[in-house]
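File shown: query_9.txt. Contents: compact mmCIF, C-alpha atoms.
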# COMPACT_ATOMS: atom_id res chain seq x y z
CA PRO L 1 28.06 -12.00 -11.87
CA LEU L 2 25.26 -10.41 -13.86
CA SER L 3 26.36 -6.81 -13.58
CA LEU L 4 29.40 -4.61 -13.17
CA GLU L 5 28.42 -4.05 -9.55
CA GLU L 6 28.31 -7.80 -8.85
CA SER L 7 31.59 -8.29 -10.69
CA LEU L 8 33.30 -5.65 -8.57
CA ALA L 9 31.91 -7.21 -5.39
CA ALA L 10 33.31 -10.59 -6.46
CA LEU L 11 36.66 -9.00 -7.31
CA ARG L 12 36.71 -7.26 -3.92
CA LYS L 13 36.31 -10.67 -2.24
CA ASP L 14 38.72 -12.63 -4.42
CA HIS L 15 41.65 -10.88 -6.04
CA ASP L 16 44.63 -12.68 -4.54
CA PHE L 17 45.42 -14.16 -7.95
CA LEU L 18 46.09 -10.62 -9.23
CA LEU L 19 48.62 -9.97 -6.47
CA ARG L 20 50.78 -13.00 -7.31
CA GLY L 21 54.00 -12.16 -9.08
CA ASP L 22 53.49 -8.48 -8.32
CA VAL L 23 51.15 -8.13 -11.30
CA PHE L 24 49.04 -5.58 -9.40
CA THR L 25 49.25 -4.03 -5.95
CA GLU L 26 46.43 -3.95 -3.43
CA ASP L 27 46.27 -0.18 -3.89
CA VAL L 28 45.84 -0.45 -7.67
CA ILE L 29 43.01 -2.96 -7.29
CA ASP L 30 41.26 -0.91 -4.59
CA THR L 31 41.58 2.26 -6.65
CA TRP L 32 40.26 0.57 -9.77
CA ILE L 33 37.26 -0.87 -7.89
CA TRP L 34 36.57 2.54 -6.31
CA TYR L 35 36.79 4.31 -9.67
CA LYS L 36 34.48 1.86 -11.42
CA SER L 37 32.02 2.04 -8.53
CA GLU L 38 31.96 5.82 -8.23
CA LYS L 39 32.35 6.90 -11.84
CA GLU L 40 30.66 4.19 -13.87
CA ILE L 41 28.05 2.36 -11.79
CA GLU L 42 26.44 5.58 -10.57
CA ALA L 43 26.51 7.09 -14.06
CA LEU L 44 24.83 3.99 -15.49
CA ARG L 45 22.17 3.99 -12.77
CA GLN L 46 21.21 7.55 -13.63
CA ARG L 47 20.62 6.85 -17.32
CA PRO L 48 18.38 4.44 -19.21
CA HIS L 49 19.95 1.44 -20.86
CA PRO L 50 19.90 1.68 -24.69
CA PHE L 51 17.46 -1.25 -24.89
CA GLU L 52 15.20 0.35 -22.29
CA PHE L 53 15.34 3.58 -24.27
CA ALA L 54 14.36 1.77 -27.47
CA MET L 55 11.49 -0.03 -25.74
CA TYR L 56 9.90 2.93 -24.00
CA TYR L 57 10.97 6.08 -25.81
CA ASP L 58 10.43 4.97 -29.40
CA ILE L 59 7.02 6.50 -29.92
Represent the structure of the file as structure tokens.
Amino acid sequence: PLSLEESLAALRKDHDFLLRGDVFTEDVIDTWIWYKSEKEIEALRQRPHPFEFAMYYDI
């Protein structure tokens, strides 16, 4: 995966290994994916990346 969004999509599809041995519950994984999607991905989309800022706003 090249981004957090792609990583979360991959985790959504394949997370059985995290359920083995009761390491995590399905609810914990779903909540974590939801939180990252709603609180971090959207926030990052709405702001320039630091490199982008340096490239275009360093006048």
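Nearest residue to Phe17 (chain L), choosing from L:Leu44, L:Leu2, L:Ile29, L:Ala54 and counting all atoms listed in the file: L:Ile29.
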(message) To one decimal place in Å, what is the distance between CA of His49 (chain L) and CA of Leu11 (chain L)?
(response) 23.9 Å
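In this model, the gap between CA of Asp16 (chain L) and CA of Lys39 (chain L) comes to 24.2 Å.
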(message) Restricting the calculation to only C-alpha atoms: of L:Pro48, L:Ser7, L:Arg12, L:Glu40, which residue gets closest to Asp27 (chain L)?
(response) L:Arg12
(request) Using all atoms listed in the file, find the one residue out of L:Tyr57, L:Glu52, L:Gln46, L:His15 that sits nearest to Asp30 (chain L). (result)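 Under the stated criterion, the closest residue is L:His15.
If you look at CA of Tyr35 (chain L) and CA of Ala9 (chain L), they are 13.2 Å away from each other.
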(message) Please list as a VMD selection string every residue within 12 Å of Ile41 (chain L), counting all atoms listed in the file and excluding residues in the same chain fewer than 3 positions away.
(response) chain L and resid 3 to 8 33 to 38 44 to 47
Write the residues of the preceding selection, restricted to C-alpha atoms, as a compact mmCIF listing (two decimals), in the coordinates of the input.
# COMPACT_ATOMS: atom_id res chain seq x y z
CA SER L 3 26.36 -6.81 -13.58
CA LEU L 4 29.40 -4.61 -13.17
CA GLU L 5 28.42 -4.05 -9.55
CA GLU L 6 28.31 -7.80 -8.85
CA SER L 7 31.59 -8.29 -10.69
CA LEU L 8 33.30 -5.65 -8.57
CA ILE L 33 37.26 -0.87 -7.89
CA TRP L 34 36.57 2.54 -6.31
CA TYR L 35 36.79 4.31 -9.67
CA LYS L 36 34.48 1.86 -11.42
CA SER L 37 32.02 2.04 -8.53
CA GLU L 38 31.96 5.82 -8.23
CA LEU L 44 24.83 3.99 -15.49
CA ARG L 45 22.17 3.99 -12.77
CA GLN L 46 21.21 7.55 -13.63
CA ARG L 47 20.62 6.85 -17.32
Per-axis box centre and lengths in Å around region 36-50 of chain L, 5 Å margin per side, axis-aligned, as lines of an AutoDock Vina configuration file:
center_x = 26.4
center_y = 4.5
center_z = -16.5
size_x = 26.1
size_y = 16.1
size_z = 26.5
